[in-house]
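One file, input12.pdb, carrying PDB, C-alpha atoms:
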MODEL        1
ATOM      1  CA  MET A   1      86.674 -52.763  -8.560
ATOM      2  CA  LEU A   2      83.655 -55.046  -8.249
ATOM      3  CA  ARG A   3      84.153 -55.027  -4.501
ATOM      4  CA  SER A   4      84.136 -51.214  -4.363
ATOM      5  CA  ALA A   5      80.970 -51.130  -6.480
ATOM      6  CA  LEU A   6      79.332 -53.557  -4.052
ATOM      7  CA  ILE A   7      80.458 -51.443  -1.088
ATOM      8  CA  ILE A   8      78.923 -48.339  -2.693
ATOM      9  CA  LEU A   9      75.704 -50.270  -3.371
ATOM     10  CA  PHE A  10      75.633 -51.503   0.239
ATOM     11  CA  MET A  11      76.123 -47.942   1.528
ATOM     12  CA  LEU A  12      73.272 -46.752  -0.703
ATOM     13  CA  LEU A  13      71.008 -49.486   0.668
ATOM     14  CA  LEU A  14      72.045 -48.508   4.191
ATOM     15  CA  GLY A  15      71.241 -44.884   3.388
ATOM     16  CA  SER A  16      67.831 -45.784   2.007
ATOM     17  CA  ALA A  17      67.135 -47.893   5.107
ATOM     18  CA  ALA A  18      68.071 -44.934   7.303
ATOM     19  CA  TYR A  19      65.841 -42.716   5.158
ATOM     20  CA  SER A  20      62.868 -45.050   5.551
ATOM     21  CA  CYS A  21      63.372 -45.240   9.318
ATOM     22  CA  GLY A  22      62.952 -41.479   9.699
ATOM     23  CA  GLN A  23      59.852 -41.786  11.890
ATOM     24  CA  GLY A  24      60.856 -41.639  15.528
ATOM     25  CA  PRO A  25      58.816 -43.646  18.005
ATOM     26  CA  ASP A  26      58.760 -40.609  20.309
ATOM     27  CA  LEU A  27      56.075 -38.938  18.187
ATOM     28  CA  GLN A  28      53.641 -41.840  18.162
ATOM     29  CA  GLY A  29      50.397 -41.311  20.010
ATOM     30  CA  ARG A  30      46.972 -39.704  19.904
ATOM     31  CA  TYR A  31      46.789 -35.932  19.556
ATOM     32  CA  GLU A  32      43.766 -33.653  19.802
ATOM     33  CA  ALA A  33      43.146 -30.101  18.642
ATOM     34  CA  VAL A  34      40.173 -27.758  18.679
ATOM     35  CA  ASN A  35      38.775 -27.050  15.236
ATOM     36  CA  PRO A  36      39.307 -23.280  14.769
ATOM     37  CA  GLN A  37      36.231 -23.059  12.548
ATOM     38  CA  HIS A  38      33.869 -24.930  14.892
ATOM     39  CA  GLN A  39      34.827 -24.373  18.543
ATOM     40  CA  GLY A  40      34.008 -27.427  20.625
ATOM     41  CA  ASN A  41      34.645 -29.727  17.691
ATOM     42  CA  VAL A  42      37.724 -31.868  18.324
ATOM     43  CA  VAL A  43      40.077 -32.978  15.575
ATOM     44  CA  VAL A  44      42.065 -36.138  16.301
ATOM     45  CA  LEU A  45      45.463 -36.933  14.848
ATOM     46  CA  ALA A  46      46.614 -40.498  15.488
ATOM     47  CA  LEU A  47      50.253 -41.272  14.772
ATOM     48  CA  ARG A  48      50.874 -44.992  14.750
ATOM     49  CA  SER A  49      53.955 -47.111  14.106
ATOM     50  CA  ALA A  50      55.576 -47.607  10.686
ATOM     51  CA  GLY A  51      54.567 -44.104   9.611
ATOM     52  CA  LYS A  52      50.868 -44.910   9.518
ATOM     53  CA  GLY A  53      48.131 -42.894  11.108
ATOM     54  CA  SER A  54      44.816 -41.126  10.697
ATOM     55  CA  TRP A  55      43.225 -37.668  10.813
ATOM     56  CA  THR A  56      39.672 -37.562  12.182
ATOM     57  CA  ILE A  57      37.525 -34.488  11.693
ATOM     58  CA  GLU A  58      33.768 -34.269  12.297
ATOM     59  CA  GLY A  59      33.509 -38.054  12.616
ATOM     60  CA  GLU A  60      35.258 -38.723   9.326
ATOM     61  CA  GLU A  61      38.532 -40.642   9.563
ATOM     62  CA  VAL A  62      41.101 -40.157   6.824
ATOM     63  CA  PRO A  63      44.107 -42.505   6.682
ATOM     64  CA  ILE A  64      47.450 -40.727   6.416
ATOM     65  CA  ARG A  65      51.141 -41.510   6.402
ATOM     66  CA  TRP A  66      53.502 -39.423   8.464
ATOM     67  CA  GLU A  67      57.222 -38.787   8.717
ATOM     68  CA  ARG A  68      59.456 -36.610  10.847
ATOM     69  CA  ARG A  69      61.717 -34.093   9.116
ATOM     70  CA  ASN A  70      63.905 -32.251  11.614
ATOM     71  CA  GLN A  71      61.562 -29.951  13.518
ATOM     72  CA  GLU A  72      58.615 -30.707  11.255
ATOM     73  CA  ILE A  73      56.160 -33.536  10.787
ATOM     74  CA  TRP A  74      54.832 -34.196   7.295
ATOM     75  CA  LEU A  75      51.368 -35.678   6.960
ATOM     76  CA  HIS A  76      50.739 -37.363   3.618
ATOM     77  CA  HIS A  77      47.287 -38.105   2.225
ATOM     78  CA  LYS A  78      47.113 -40.835  -0.405
ATOM     79  CA  GLY A  79      45.339 -38.418  -2.773
ATOM     80  CA  GLY A  80      48.543 -36.393  -3.118
ATOM     81  CA  ALA A  81      48.087 -33.704  -0.474
ATOM     82  CA  VAL A  82      50.831 -33.089   2.053
ATOM     83  CA  ILE A  83      50.758 -30.898   5.152
ATOM     84  CA  ALA A  84      53.754 -29.813   7.218
ATOM     85  CA  GLY A  85      53.267 -29.379  10.946
ATOM     86  CA  LYS A  86      55.740 -27.774  13.336
ATOM     87  CA  LEU A  87      56.970 -29.727  16.343
ATOM     88  CA  VAL A  88      56.728 -26.910  18.875
ATOM     89  CA  GLU A  89      57.767 -28.939  21.917
ATOM     90  CA  ALA A  90      57.245 -32.448  23.291
ATOM     91  CA  GLY A  91      53.640 -33.457  22.768
ATOM     92  CA  ARG A  92      52.639 -30.359  20.745
ATOM     93  CA  ILE A  93      52.215 -30.130  16.991
ATOM     94  CA  ASP A  94      51.258 -26.903  15.264
ATOM     95  CA  VAL A  95      49.499 -27.372  11.913
ATOM     96  CA  GLU A  96      48.467 -24.456   9.706
ATOM     97  CA  LEU A  97      45.861 -25.350   7.098
ATOM     98  CA  PRO A  98      45.237 -22.774   4.359
ATOM     99  CA  GLY A  99      41.620 -21.628   4.543
ATOM    100  CA  LEU A 100      40.891 -23.561   7.735
ATOM    101  CA  GLY A 101      43.218 -21.978  10.260
ATOM    102  CA  ARG A 102      45.664 -23.137  12.844
ATOM    103  CA  PHE A 103      45.341 -26.462  14.655
ATOM    104  CA  LEU A 104      47.388 -26.878  17.822
ATOM    105  CA  PHE A 105      47.501 -30.596  18.568
ATOM    106  CA  LEU A 106      48.204 -31.724  22.119
ATOM    107  CA  ARG A 107      49.191 -35.267  22.934
ATOM    108  CA  LYS A 108      46.535 -37.175  24.871
ATOM    109  CA  GLN A 109      47.939 -40.718  24.891
TER     110      GLN A 109
ATOM    111  CA  MET B   1     102.732 -34.249 -23.432
ATOM    112  CA  GLU B   2     101.036 -36.409 -26.000
ATOM    113  CA  LYS B   3     102.655 -38.263 -28.871
ATOM    114  CA  THR B   4     101.556 -37.184 -32.318
ATOM    115  CA  GLY B   5     102.873 -40.128 -34.266
ATOM    116  CA  ILE B   6     105.495 -37.907 -35.929
ATOM    117  CA  PRO B   7     108.951 -38.638 -34.496
ATOM    118  CA  GLY B   8     110.255 -35.833 -32.315
ATOM    119  CA  LYS B   9     106.949 -33.951 -32.252
ATOM    120  CA  ALA B  10     104.623 -33.786 -29.294
ATOM    121  CA  VAL B  11     101.448 -31.847 -28.613
ATOM    122  CA  LYS B  12     100.867 -30.104 -25.292
ATOM    123  CA  ARG B  13      97.346 -30.640 -23.961
ATOM    124  CA  PRO B  14      96.020 -27.526 -22.272
ATOM    125  CA  VAL B  15      96.246 -27.903 -18.497
ATOM    126  CA  LEU B  16      92.616 -26.908 -17.898
ATOM    127  CA  ARG B  17      91.328 -29.468 -20.379
ATOM    128  CA  LYS B  18      93.549 -32.101 -18.837
ATOM    129  CA  ALA B  19      92.246 -31.266 -15.371
ATOM    130  CA  MET B  20      88.608 -31.145 -16.494
ATOM    131  CA  THR B  21      88.799 -34.510 -18.212
ATOM    132  CA  HIS B  22      90.736 -36.182 -15.413
ATOM    133  CA  PRO B  23      89.128 -39.594 -14.745
ATOM    134  CA  TYR B  24      88.777 -38.936 -11.012
ATOM    135  CA  LEU B  25      87.010 -35.602 -11.541
ATOM    136  CA  VAL B  26      84.596 -37.288 -13.955
ATOM    137  CA  LEU B  27      84.154 -40.109 -11.434
ATOM    138  CA  ALA B  28      83.327 -37.543  -8.720
ATOM    139  CA  PHE B  29      80.727 -35.933 -11.013
ATOM    140  CA  ARG B  30      79.328 -39.361 -11.858
ATOM    141  CA  ILE B  31      78.925 -40.450  -8.221
ATOM    142  CA  TYR B  32      77.517 -37.029  -7.250
ATOM    143  CA  ILE B  33      74.893 -36.976 -10.028
ATOM    144  CA  GLY B  34      74.075 -40.672  -9.483
ATOM    145  CA  SER B  35      73.584 -40.260  -5.720
ATOM    146  CA  LEU B  36      71.553 -37.104  -6.289
ATOM    147  CA  PHE B  37      69.145 -38.943  -8.584
ATOM    148  CA  VAL B  38      68.881 -41.940  -6.247
ATOM    149  CA  TYR B  39      68.049 -39.547  -3.392
ATOM    150  CA  ALA B  40      65.580 -37.564  -5.525
ATOM    151  CA  SER B  41      63.778 -40.721  -6.643
ATOM    152  CA  MET B  42      63.126 -42.079  -3.156
ATOM    153  CA  TYR B  43      60.529 -39.531  -2.097
ATOM    154  CA  LYS B  44      58.827 -39.615  -5.490
ATOM    155  CA  ILE B  45      58.569 -43.420  -5.482
ATOM    156  CA  ASN B  46      57.273 -43.396  -1.924
ATOM    157  CA  TYR B  47      54.697 -40.643  -2.587
ATOM    158  CA  ALA B  48      53.812 -41.021  -6.267
ATOM    159  CA  SER B  49      50.491 -39.184  -5.918
ATOM    160  CA  GLU B  50      52.284 -36.093  -4.561
ATOM    161  CA  PHE B  51      54.693 -36.214  -7.474
ATOM    162  CA  ALA B  52      51.700 -36.457  -9.824
ATOM    163  CA  GLU B  53      50.335 -33.259  -8.222
ATOM    164  CA  THR B  54      53.716 -31.606  -8.752
ATOM    165  CA  ILE B  55      53.781 -32.611 -12.437
ATOM    166  CA  ALA B  56      50.211 -31.355 -12.877
ATOM    167  CA  SER B  57      51.089 -28.013 -11.259
ATOM    168  CA  TYR B  58      53.539 -27.270 -14.101
ATOM    169  CA  GLN B  59      50.550 -27.317 -16.527
ATOM    170  CA  LEU B  60      52.696 -28.706 -19.341
ATOM    171  CA  VAL B  61      51.729 -32.354 -19.499
ATOM    172  CA  PRO B  62      48.362 -33.612 -20.833
ATOM    173  CA  TYR B  63      46.185 -34.946 -18.001
ATOM    174  CA  TRP B  64      46.293 -38.539 -19.274
ATOM    175  CA  ALA B  65      50.106 -38.578 -19.052
ATOM    176  CA  VAL B  66      50.439 -37.132 -15.537
ATOM    177  CA  ASN B  67      50.016 -40.388 -13.561
ATOM    178  CA  LEU B  68      52.068 -42.377 -16.047
ATOM    179  CA  LEU B  69      54.965 -39.922 -15.772
ATOM    180  CA  ALA B  70      54.665 -39.835 -11.973
ATOM    181  CA  LEU B  71      55.097 -43.606 -11.918
ATOM    182  CA  VAL B  72      57.778 -44.011 -14.607
ATOM    183  CA  MET B  73      60.098 -41.036 -14.077
ATOM    184  CA  PRO B  74      61.171 -41.765 -10.459
ATOM    185  CA  TRP B  75      62.095 -45.350 -11.378
ATOM    186  CA  MET B  76      64.122 -44.050 -14.319
ATOM    187  CA  GLU B  77      65.889 -41.696 -11.910
ATOM    188  CA  LEU B  78      66.578 -44.526  -9.466
ATOM    189  CA  ILE B  79      67.854 -47.036 -12.037
ATOM    190  CA  CYS B  80      70.013 -44.518 -13.938
ATOM    191  CA  GLY B  81      71.311 -43.065 -10.653
ATOM    192  CA  LEU B  82      72.294 -46.525  -9.413
ATOM    193  CA  PHE B  83      73.952 -47.348 -12.746
ATOM    194  CA  LEU B  84      76.032 -44.161 -12.507
ATOM    195  CA  VAL B  85      77.071 -44.873  -8.934
ATOM    196  CA  ILE B  86      78.142 -48.473  -9.526
ATOM    197  CA  GLY B  87      79.569 -47.728 -12.986
ATOM    198  CA  PHE B  88      77.356 -49.901 -15.137
ATOM    199  CA  ARG B  89      76.258 -48.686 -18.594
ATOM    200  CA  THR B  90      77.373 -45.213 -17.583
ATOM    201  CA  LYS B  91      77.042 -43.652 -21.045
ATOM    202  CA  SER B  92      73.399 -44.747 -21.375
ATOM    203  CA  ALA B  93      72.619 -43.731 -17.790
ATOM    204  CA  ALA B  94      74.327 -40.330 -18.204
ATOM    205  CA  ALA B  95      72.479 -39.731 -21.501
ATOM    206  CA  THR B  96      69.115 -40.573 -19.891
ATOM    207  CA  ILE B  97      69.829 -38.366 -16.882
ATOM    208  CA  ALA B  98      70.986 -35.535 -19.160
ATOM    209  CA  GLY B  99      67.715 -35.926 -21.089
ATOM    210  CA  LEU B 100      65.694 -35.775 -17.867
ATOM    211  CA  LEU B 101      67.632 -32.722 -16.688
ATOM    212  CA  ALA B 102      67.097 -30.986 -20.041
ATOM    213  CA  LEU B 103      63.370 -31.709 -19.654
ATOM    214  CA  PHE B 104      63.322 -30.401 -16.045
ATOM    215  CA  SER B 105      65.272 -27.271 -17.035
ATOM    216  CA  ALA B 106      62.868 -26.535 -19.884
ATOM    217  CA  ALA B 107      59.860 -27.065 -17.572
ATOM    218  CA  VAL B 108      61.352 -24.791 -14.898
ATOM    219  CA  ALA B 109      62.252 -22.097 -17.474
ATOM    220  CA  ILE B 110      58.724 -22.135 -18.971
ATOM    221  CA  SER B 111      57.135 -21.956 -15.500
ATOM    222  CA  LEU B 112      59.393 -19.046 -14.534
ATOM    223  CA  PHE B 113      58.462 -17.160 -17.715
ATOM    224  CA  ARG B 114      54.779 -17.856 -17.003
ATOM    225  CA  ASP B 115      55.306 -16.670 -13.412
ATOM    226  CA  LEU B 116      53.647 -19.755 -11.887
ATOM    227  CA  PRO B 117      53.742 -19.636  -8.084
ATOM    228  CA  ILE B 118      54.706 -23.298  -7.646
ATOM    229  CA  GLY B 119      57.446 -25.255  -5.922
ATOM    230  CA  CYS B 120      60.080 -27.034  -7.942
ATOM    231  CA  GLY B 121      59.151 -30.487  -6.573
ATOM    232  CA  CYS B 122      62.639 -31.667  -7.429
ATOM    233  CA  PHE B 123      63.161 -33.581  -4.195
ATOM    234  CA  HIS B 124      60.007 -33.182  -2.080
ATOM    235  CA  ALA B 125      56.452 -32.015  -2.601
ATOM    236  CA  LEU B 126      57.065 -29.245  -0.033
ATOM    237  CA  GLY B 127      60.385 -28.206  -1.497
ATOM    238  CA  GLU B 128      61.715 -24.759  -2.120
ATOM    239  CA  GLN B 129      59.875 -22.203  -4.253
ATOM    240  CA  MET B 130      61.008 -22.234  -7.872
ATOM    241  CA  SER B 131      63.439 -19.473  -8.869
ATOM    242  CA  TRP B 132      66.100 -18.668 -11.451
ATOM    243  CA  LYS B 133      68.556 -20.266  -9.033
ATOM    244  CA  THR B 134      66.685 -23.563  -9.509
ATOM    245  CA  LEU B 135      67.147 -23.279 -13.274
ATOM    246  CA  LEU B 136      70.837 -22.439 -12.907
ATOM    247  CA  ARG B 137      71.320 -25.422 -10.574
ATOM    248  CA  ASP B 138      69.589 -27.753 -13.050
ATOM    249  CA  LEU B 139      71.776 -26.448 -15.876
ATOM    250  CA  VAL B 140      74.935 -27.053 -13.830
ATOM    251  CA  TRP B 141      73.785 -30.631 -13.178
ATOM    252  CA  LEU B 142      72.994 -31.005 -16.890
ATOM    253  CA  GLY B 143      76.548 -29.876 -17.667
ATOM    254  CA  MET B 144      77.905 -32.469 -15.234
ATOM    255  CA  ALA B 145      75.794 -35.247 -16.807
ATOM    256  CA  VAL B 146      77.003 -34.314 -20.298
ATOM    257  CA  HIS B 147      80.571 -34.221 -18.969
ATOM    258  CA  VAL B 148      80.151 -37.736 -17.556
ATOM    259  CA  TYR B 149      78.696 -38.899 -20.883
ATOM    260  CA  LEU B 150      81.679 -37.522 -22.804
ATOM    261  CA  PHE B 151      84.614 -38.336 -20.558
ATOM    262  CA  ASP B 152      83.752 -41.118 -18.126
ATOM    263  CA  SER B 153      86.340 -43.892 -18.026
ATOM    264  CA  ALA B 154      87.177 -44.781 -14.403
ATOM    265  CA  LEU B 155      85.775 -47.600 -12.270
ATOM    266  CA  GLN B 156      83.346 -49.128 -14.732
ATOM    267  CA  VAL B 157      81.953 -52.454 -13.610
ATOM    268  CA  GLU B 158      81.038 -53.650 -17.087
ATOM    269  CA  LYS B 159      84.619 -53.187 -18.328
ATOM    270  CA  ARG B 160      85.754 -55.334 -15.449
ATOM    271  CA  PHE B 161      83.176 -57.982 -16.375
ATOM    272  CA  ALA B 162      84.187 -57.820 -20.031
ATOM    273  CA  LEU B 163      87.825 -58.393 -19.060
ATOM    274  CA  ALA B 164      86.872 -61.285 -16.794
ATOM    275  CA  ILE B 165      84.819 -62.901 -19.585
ATOM    276  CA  ARG B 166      87.692 -62.412 -22.030
ATOM    277  CA  ASP B 167      90.054 -64.075 -19.528
ATOM    278  CA  ILE B 168      87.734 -67.091 -19.284
TER     279      ILE B 168
ENDMDL
END

Output the file's structure as structure tokens, nothing else.
Amino acid sequence: MLRSALIILFMLLLGSAAYSCGQGPDLQGRYEAVNPQHQGNVVVLALRSAGKGSWTIEGEEVPIRWERRNQEIWLHHKGGAVIAGKLVEAGRIDVELPGLGRFLFLRKQ
Amino acid sequence: MEKTGIPGKAVKRPVLRKAMTHPYLVLAFRIYIGSLFVYASMYKINYASEFAETIASYQLVPYWAVNLLALVMPWMELICGLFLVIGFRTKSAAATIAGLLALFSAAVAISLFRDLPIGCGCFHALGEQMSWKTLLRDLVWLGMAVHVYLFDSALQVEKRFALAIRDI
């Protein structure tokens, strides 16, 4: 019985490890989008390893954490905000921000 | 058939009750509810600030308690969920989880009556929109937790330990 409890615990740990490794390396890189409110102004989304990254708008860089969820990418701000972006195709992320408009990020690096 | 203690007399337990209180059914409920709470806690522990936003959106908790709850509740979910899965202190874990589910159900019901346009936040910050279905689901889970509290008997680690200690 103890053995079966340990097996269940091991499977749970395995599951949590799989959960934490949700970020695929294929999404990492530097993405750029045109700010829909200020044409010519470029917004940069940097997706780095271990789910870390940053969002740079008008020279201000905000650290974020990111994770892939099926055909979506979730961008988490440490203040509690979370944005879901759609993975349209390889190298393209579509992010709709309420009140700001639609940002279509294209991979640059 | 169950013995009554009176020679020649036996009481028939209703089949449905017998099936509902079968140790393996209760064990299935216990593992299901335990895994569910472990899964639900992971996102909340990882993104505590988002869970704090979710709690605040219900507009039920005083502002000074929001962050405290956002930090404490997911760990309670994780520990009680793990206890249910491995079969350790299952009555206490089931009672705590039933209490949490009663709290969630009440919060969801109040928000539905107040017509708040918020997500449930049960598993993720960007989860499904709250509806009566959410409340029904929570009540079903509450029923399962109470069931585990009342009838759990199979695969309990602490019983095994108690026997081992008695043997020593």

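Each of B:Tyr24, B:Phe104, B:Tyr47, B:Phe123 was compared to A:Gly80 using only C-alpha atoms, and B:Tyr47 turns out to be the nearest.
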
Chain B residues near chain A (12 Å cut-off, only C-alpha atoms) as a count of residues only:
50

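Pairwise distance (atom CA of A:Gly51, atom CA of A:Gln109) equals 17.0 Å.
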
Considering all atoms listed in the file, state which residue in the set B:Ser111, B:Thr21, B:Gln59, B:Gln129 is at the smallest distance from B:Met144.
B:Thr21

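Checking A:Arg68, A:Trp55, A:Gly99, A:Arg48 one by one against A:Pro36, counting all atoms listed in the file, you find the shortest gap at A:Gly99.
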
What would the selection look like, as a CSV table (one decimal) with C-alpha atoms, in the frame of the given file, if the PyMOL selection byres ((chain B and resi 138) around 12) were run on the coordinates I just shared?
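Writing done, so here's result-v8.csv:
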chain,number,residue,atom,x,y,z
B,33,ILE,CA,74.9,-37.0,-10.0
B,36,LEU,CA,71.6,-37.1,-6.3
B,97,ILE,CA,69.8,-38.4,-16.9
B,98,ALA,CA,71.0,-35.5,-19.2
B,99,GLY,CA,67.7,-35.9,-21.1
B,100,LEU,CA,65.7,-35.8,-17.9
B,101,LEU,CA,67.6,-32.7,-16.7
B,102,ALA,CA,67.1,-31.0,-20.0
B,103,LEU,CA,63.4,-31.7,-19.7
B,104,PHE,CA,63.3,-30.4,-16.0
B,105,SER,CA,65.3,-27.3,-17.0
B,106,ALA,CA,62.9,-26.5,-19.9
B,107,ALA,CA,59.9,-27.1,-17.6
B,108,VAL,CA,61.4,-24.8,-14.9
B,109,ALA,CA,62.3,-22.1,-17.5
B,120,CYS,CA,60.1,-27.0,-7.9
B,122,CYS,CA,62.6,-31.7,-7.4
B,130,MET,CA,61.0,-22.2,-7.9
B,131,SER,CA,63.4,-19.5,-8.9
B,132,TRP,CA,66.1,-18.7,-11.5
B,133,LYS,CA,68.6,-20.3,-9.0
B,134,THR,CA,66.7,-23.6,-9.5
B,135,LEU,CA,67.1,-23.3,-13.3
B,136,LEU,CA,70.8,-22.4,-12.9
B,137,ARG,CA,71.3,-25.4,-10.6
B,139,LEU,CA,71.8,-26.4,-15.9
B,140,VAL,CA,74.9,-27.1,-13.8
B,141,TRP,CA,73.8,-30.6,-13.2
B,142,LEU,CA,73.0,-31.0,-16.9
B,143,GLY,CA,76.5,-29.9,-17.7
B,144,MET,CA,77.9,-32.5,-15.2
B,145,ALA,CA,75.8,-35.2,-16.8

Take stretch 63-88 of chain A, bring it up to N, CA and C atoms, and give me the output as an mmCIF file, in the coordinates of the input.
data_model
loop_
_atom_site.group_PDB
_atom_site.id
_atom_site.type_symbol
_atom_site.label_atom_id
_atom_site.label_comp_id
_atom_site.auth_asym_id
_atom_site.auth_seq_id
_atom_site.Cartn_x
_atom_site.Cartn_y
_atom_site.Cartn_z
ATOM 1 N N PRO A 63 42.786 -41.901 6.435
ATOM 2 C CA PRO A 63 44.107 -42.505 6.682
ATOM 3 C C PRO A 63 45.227 -41.624 6.122
ATOM 4 N N ILE A 64 46.287 -41.527 6.862
ATOM 5 C CA ILE A 64 47.450 -40.727 6.416
ATOM 6 C C ILE A 64 48.729 -41.529 6.641
ATOM 7 N N ARG A 65 49.806 -41.011 6.060
ATOM 8 C CA ARG A 65 51.141 -41.510 6.402
ATOM 9 C C ARG A 65 51.915 -40.316 6.951
ATOM 10 N N TRP A 66 52.778 -40.544 7.874
ATOM 11 C CA TRP A 66 53.502 -39.423 8.464
ATOM 12 C C TRP A 66 55.001 -39.717 8.535
ATOM 13 N N GLU A 67 55.767 -38.649 8.558
ATOM 14 C CA GLU A 67 57.222 -38.787 8.717
ATOM 15 C C GLU A 67 57.767 -37.541 9.399
ATOM 16 N N ARG A 68 58.827 -37.733 10.156
ATOM 17 C CA ARG A 68 59.456 -36.610 10.847
ATOM 18 C C ARG A 68 60.579 -36.078 9.977
ATOM 19 N N ARG A 69 60.627 -34.751 9.848
ATOM 20 C CA ARG A 69 61.717 -34.093 9.116
ATOM 21 C C ARG A 69 62.234 -32.954 9.966
ATOM 22 N N ASN A 70 63.320 -33.205 10.664
ATOM 23 C CA ASN A 70 63.905 -32.251 11.614
ATOM 24 C C ASN A 70 62.849 -31.770 12.602
ATOM 25 N N GLN A 71 62.540 -30.489 12.571
ATOM 26 C CA GLN A 71 61.562 -29.951 13.518
ATOM 27 C C GLN A 71 60.168 -29.869 12.904
ATOM 28 N N GLU A 72 59.931 -30.693 11.912
ATOM 29 C CA GLU A 72 58.615 -30.707 11.255
ATOM 30 C C GLU A 72 58.085 -32.134 11.196
ATOM 31 N N ILE A 73 56.775 -32.231 11.067
ATOM 32 C CA ILE A 73 56.160 -33.536 10.787
ATOM 33 C C ILE A 73 55.355 -33.361 9.505
ATOM 34 N N TRP A 74 55.552 -34.280 8.568
ATOM 35 C CA TRP A 74 54.832 -34.196 7.295
ATOM 36 C C TRP A 74 53.727 -35.244 7.291
ATOM 37 N N LEU A 75 52.522 -34.786 7.007
ATOM 38 C CA LEU A 75 51.368 -35.678 6.960
ATOM 39 C C LEU A 75 50.968 -35.853 5.501
ATOM 40 N N HIS A 76 51.018 -37.082 5.032
ATOM 41 C CA HIS A 76 50.739 -37.363 3.618
ATOM 42 C C HIS A 76 49.379 -38.026 3.458
ATOM 43 N N HIS A 77 48.562 -37.476 2.575
ATOM 44 C CA HIS A 77 47.287 -38.105 2.225
ATOM 45 C C HIS A 77 47.495 -38.867 0.925
ATOM 46 N N LYS A 78 46.832 -40.017 0.787
ATOM 47 C CA LYS A 78 47.113 -40.835 -0.405
ATOM 48 C C LYS A 78 46.656 -40.164 -1.703
ATOM 49 N N GLY A 79 45.798 -39.147 -1.588
ATOM 50 C CA GLY A 79 45.339 -38.418 -2.773
ATOM 51 C C GLY A 79 46.383 -37.465 -3.340
ATOM 52 N N GLY A 80 47.484 -37.259 -2.606
ATOM 53 C CA GLY A 80 48.543 -36.393 -3.118
ATOM 54 C C GLY A 80 48.759 -35.126 -2.318
ATOM 55 N N ALA A 81 47.905 -34.909 -1.302
ATOM 56 C CA ALA A 81 48.087 -33.704 -0.474
ATOM 57 C C ALA A 81 49.127 -33.982 0.603
ATOM 58 N N VAL A 82 49.853 -32.953 0.968
ATOM 59 C CA VAL A 82 50.831 -33.089 2.053
ATOM 60 C C VAL A 82 50.796 -31.821 2.904
ATOM 61 N N ILE A 83 50.799 -32.026 4.219
ATOM 62 C CA ILE A 83 50.758 -30.898 5.152
ATOM 63 C C ILE A 83 51.984 -30.985 6.054
ATOM 64 N N ALA A 84 52.616 -29.836 6.295
ATOM 65 C CA ALA A 84 53.754 -29.813 7.218
ATOM 66 C C ALA A 84 53.299 -29.196 8.533
ATOM 67 N N GLY A 85 53.567 -29.911 9.617
ATOM 68 C CA GLY A 85 53.267 -29.379 10.946
ATOM 69 C C GLY A 85 54.557 -29.110 11.691
ATOM 70 N N LYS A 86 54.526 -28.104 12.574
ATOM 71 C CA LYS A 86 55.740 -27.774 13.336
ATOM 72 C C LYS A 86 55.717 -28.500 14.674
ATOM 73 N N LEU A 87 56.856 -29.082 15.031
ATOM 74 C CA LEU A 87 56.970 -29.727 16.343
ATOM 75 C C LEU A 87 57.404 -28.655 17.329
ATOM 76 N N VAL A 88 56.445 -28.062 18.011
ATOM 77 C CA VAL A 88 56.728 -26.910 18.875
ATOM 78 C C VAL A 88 57.548 -27.366 20.082
#
